[in-house]
Amino acid sequence: MIKNNIIKALKEITGIEDLSLETPTNLDYGDYSTNLALKDKKIDPNKITEKINSNTSLPITAKVVGKFINFYVKNDVLIDNLIQIDGEFGKTNKASSKKIMFEFAHPNTHKAFHIGHLRNITTGECLSRLHEAIGAMVIRANYQGDVGLHIAKAVYGIQLSGFEDPKDVKKRAEYLGKVYAIGATKFEESNEAKEVVGNINKKIYDKSDAEINKLYETTRKWSLDYFDSIYKRVYTKFDRLYFESETADRGKEIALEAVNKGILVESDGAIIFEGSKYGLHDRVFISGKGVPTYEAKDLGLAELQFKEYQPEKIIHTVGPEQTEYFKVVFKALEYIQPDTKGREVHVPYGWVKLKKGKMSSRTGNVILGEDVLDQAKQEILEKYKIDEKIAEQVAVGAVKYSFLKHGLTQEIAFDLQESISLEGNSGPYIQYAIARCNSILAKLSVVNYQLSKNLKLNNEETAILRSLVKFPEIVENSALNYSPNLLCNYLYDLASKFNTFYAKNRILGLDFRIMLTEKVGMVLKSGFKLLGIESPLKM
RNA sequence: GUCCCAAUAGUUCAACGGAUAGAACGAAGGAAUCCUAAUCCUUUGAUCUAGGUUCAAUUCCUAGUUGGGACACCA
């Protein structure tokens with residue numbers, strides 16, 4: 001990467017080890033710049049610039065503006081880079097051979113797969129792909145809650161309202177959402193219901209009631225089948241599906257062993273970890289009834305995950321409300337299984353909130369993930385004359401992009417009409433640019449470039465070239481900072497530059513412009529692939 | 001009460017301690033003999049408050065205001 005070349009050259013000249021480059025937002029200030037001379041008054045920016053410019057092997061020229069040194073990538077370097085762009089462009093080996101587990105999605109069976117889950121899975125899939133692009137070995141894991149109080153509430157809801165089988169994957173999921181709301185509402189209303197649900201919960205854990213077992217197994221499968229259909233729809237394939245039902249027993253064992261070691265202690269009949277001793281808060285691992293909580297299950301999960309895959313890190317993509325929860329559990333885990341220290345990471349992503357009202361599975365006031373996709377698709381079909389398959393790709397792209405373009409920790413105020421935009425800074429805008437590239441190239445029978453030696457580039461062409469060079473480092477930054485929005489911003493900017501170029505220049509007839517078009521299409525497509533979004537050939 | 005996170009145009013969001021704080025939507029106007037008008041071009045408009053650190057603060061620190069979240073047997 002050019003950036004590294006510059007840093008290396010600067011280090012040799014100045015002897016400063018710890019220096020970084022900036023990328024000015026205003027292209028007039030160069031492709032990169034440094035503030036070295038501002039930080040250290042003894043440094044003379046003019047001397048550095050002279051040395052840089054006298055070294056013709058460097059890919060850049062330098063210029064002093066004020067105290068900044070700005071670097072401009074040379075034209076021939078930009079063009080060499082353009083020629084080299086192929087489908088693999090953007091991939092690096094920054095994280096090569098590192099094994100990282102990304103754990104995401106985690107819907108709970110018997111509950112709705114809502115829009116928040118959709119953001120989660122979109123984010124997790126994108127982070128996975130970004131890390132694969134920088135050379136990591138990625139394991140996609142999904143930890144699904146198939147036991148616990150919420151299941152008991154749903155089962156209770158069924159007992160109250162009577163069992164039905166709508167005989168359709170989606171309708172079954174809707175039915176479960178409905179009975180969950182019924183059970184959960186009753187649970188909050190009366191102590192008697194709390195007692196009943198508690199007993200159902202215990203029965204599910206110890207499998208002591210044949211009738212409940214059957215009901216549980218049947219409805220659990222309904223949920224999982226439904227989730228599978230969504231995973232497929234958003235192009236995610238998990239390497240491993242973990243279930244709370246498989247971590248619960250072992251988790252409880254681990255917690256009990258930890259009591260013997262003095263890591264966990266008994267308090268009021270429950271087994272807890274005293275996080276408050278570490279500036280955190282106390283949490284219950286085994287309830288007074290002897291049932292392992294989420295905390296204990298996470299102990300079982302961690303052991304299983306490290307044993308099965310030996311990942312260097314496990315990235316848990318989970319909402320921000322669990323930030324402090326994870327701190328406590330990771331701390332406990334650190335004492336129980338010391339080699340996990342520093343390897344368990346919680347990457348929180350902001351909530352998707354409704355612009356009006358509050359989302360809650362309990363009250364049934366949720367926006368289902370699938371409904372969002374369906375509505376976006378419907379709107380696209382009504383608005384444009386395209387076939388169903390492309391409408392699906394555009395709809396999924398619009399929804400995914402609307403999540404990914406936001407900073408990861410930012411909450412999103414969701415409004416279907418506003419959020420799922422088809423114009424402006426949106427997925428379809430970029431898809432449209434890609435389709436446009438394809439459409440231009442399709443006019444050519446043979447692609448055979450004859451680039452003249454003395455190309456005179458106009459502003460639009462130069463802007464695109466300068467942008468294309470940056471793709472690999474954008475991918476790297478997005479991956480390492482867990483920031484898909486950086487890649488979104490970049491792709492939008494590139495697509496926008498291309499559209500401006502397209503509007504002002506005729507492409508067909510000039511080999512250089514045809515090549516530029518082809519390569520822009522490639523980069524946009526590669527970038528979208530990393531976001532987990534398809535690029536239709538035509539729109 | 002303690003702790004965590006956020007606060008930027010009318011709205012939804014960007015911005016690596018740097019240079020003139022970027023977009024999109026909205027509003028107003030314009031672009032078709034020519035490669036896709038889901039496009040392009042104009043115009044419009046913002047850093048919660050008070051201190052501090054710095055050559056330089058939307059960014060870091062302190063306090064406050066507002067909103068969200070977590071704080072024992074839910075996940």
# chains A, B, ... in the order shown; residues from 1 in each chain; ligands from 1
$ interface_residues --of "chain B" --to "chain A" --cutoff "6 Å" --atoms "only C-alpha atoms (C1' of nucleotides)" --output "PyMOL selection string"
chain B and resi 24+35-36+40+69+72-73
$ write_last_selection --atoms "C-alpha atoms (C1' of nucleotides)" --output "tab-separated table (two decimals), in the first residue's frame"
chain	number	residue	atom	x	y	z
B	24	A	C1'	-28.72	12.19	2.01
B	35	C	C1'	-23.32	5.20	-23.12
B	36	U	C1'	-29.35	3.42	-17.72
B	40	C	C1'	-26.39	14.87	-12.74
B	69	G	C1'	-29.27	1.43	28.73
B	72	A	C1'	-29.41	-10.73	41.50
B	73	C	C1'	-31.86	-15.26	40.53
$ atom_distance --atom1 "CA of Asp31 in chain A" --atom2 "CA of Asn70 in chain A"
7.4 Å
$ residues_around --residues "Lys178 in chain A" --least-positions-apart "2" --cutoff "9 Å" --atoms "only C-alpha atoms (C1' of nucleotides)" --output "list in words"
Lys111, Ala112, Ala154, Gly157, Ala173, Glu174, Tyr175, Leu176, Tyr180, Ala181, Ile182, Gly183, Ser361, Arg362 and Gly364 of chain A
$ atom_distance --atom1 "CA of Tyr449 in chain A" --atom2 "CA of Ile85 in chain A"
14.0 Å
$ select_by_dssp --residues "range 82-288 of chain A" --states "strand (DSSP E)" --output "number ranges by chain"
A: 99-103, 137-144, 240-243, 265-267, 270-273, 283-286
$ residues_around --residues "A57 in chain B" --least-positions-apart "3" --cutoff "12 Å" --atoms "only C-alpha atoms (C1' of nucleotides)" --output "short mmCIF file (atom, residue, chain, number, x, y, z; two decimals) with N, CA and C atoms (P, O5', C5', C4', C3', O3' and C1' of nucleotides), in the first residue's frame"
data_model
loop_
_atom_site.label_atom_id
_atom_site.label_comp_id
_atom_site.auth_asym_id
_atom_site.auth_seq_id
_atom_site.Cartn_x
_atom_site.Cartn_y
_atom_site.Cartn_z
P G B 17 -8.74 10.46 16.24
"O5'" G B 17 -8.57 12.01 16.06
"C5'" G B 17 -8.24 12.78 17.21
"C4'" G B 17 -8.21 14.23 16.77
"C3'" G B 17 -7.17 14.52 15.69
"O3'" G B 17 -7.62 15.64 14.93
"C1'" G B 17 -6.77 15.86 17.55
P G B 18 -8.23 15.43 13.50
"O5'" G B 18 -8.69 16.92 13.21
"C5'" G B 18 -8.71 17.36 11.88
"C4'" G B 18 -8.06 18.72 11.82
"C3'" G B 18 -7.65 19.09 10.41
"O3'" G B 18 -8.09 20.41 10.15
"C1'" G B 18 -5.84 19.37 11.89
P U B 47 -24.13 25.74 15.36
"O5'" U B 47 -23.19 24.48 15.64
"C5'" U B 47 -22.92 24.02 16.96
"C4'" U B 47 -22.94 22.53 16.95
"C3'" U B 47 -22.35 21.88 18.21
"O3'" U B 47 -23.11 20.69 18.46
"C1'" U B 47 -21.21 21.09 16.33
P G B 52 -11.10 28.29 30.80
"O5'" G B 52 -10.22 26.97 30.81
"C5'" G B 52 -9.61 26.54 32.03
"C4'" G B 52 -9.24 25.09 31.96
"C3'" G B 52 -8.20 24.71 30.92
"O3'" G B 52 -6.90 25.06 31.36
"C1'" G B 52 -9.93 23.12 30.91
P U B 53 -5.79 25.51 30.31
"O5'" U B 53 -5.38 24.11 29.66
"C5'" U B 53 -4.77 23.11 30.47
"C4'" U B 53 -4.50 21.88 29.64
"C3'" U B 53 -3.81 22.15 28.31
"O3'" U B 53 -2.40 22.30 28.48
"C1'" U B 53 -5.63 20.70 27.94
P U B 54 -1.64 23.51 27.74
"O5'" U B 54 -1.76 23.11 26.21
"C5'" U B 54 -1.15 21.91 25.73
"C4'" U B 54 -1.50 21.73 24.28
"C3'" U B 54 -1.26 22.95 23.40
"O3'" U B 54 0.10 23.04 23.02
"C1'" U B 54 -3.39 22.00 22.91
P C B 60 -13.73 12.24 22.29
"O5'" C B 60 -12.46 12.68 23.15
"C5'" C B 60 -11.27 11.90 23.11
"C4'" C B 60 -10.29 12.45 24.11
"C3'" C B 60 -10.90 12.89 25.44
"O3'" C B 60 -11.08 11.79 26.30
"C1'" C B 60 -9.45 14.57 24.65
P C B 61 -12.21 11.80 27.39
"O5'" C B 61 -11.66 12.82 28.48
"C5'" C B 61 -10.51 12.48 29.26
"C4'" C B 61 -10.27 13.59 30.26
"C3'" C B 61 -11.49 13.97 31.08
"O3'" C B 61 -11.65 13.11 32.19
"C1'" C B 61 -10.47 15.93 30.25
#
$ closest_residue --among "A:Lys277, A:Leu531, A:Ile204, A:Thr236" --to "Ala248 in chain A" --atoms "only C-alpha atoms"
A:Ile204
$ closest_residue --among "B:U59, B:U20, B:U44, B:C71" --to "U8 in chain B" --atoms "only C-alpha atoms (C1' of nucleotides)"
B:U59
$ atom_distance --atom1 "CA of Thr122 in chain A" --atom2 "CA of Gly369 in chain A"
11.0 Å
$ residues_around --residues "A27 in chain B" --least-positions-apart "6" --cutoff "12 Å" --atoms "only C-alpha atoms (C1' of nucleotides)" --output "ChimeraX atom specification"
/B:10,43-45
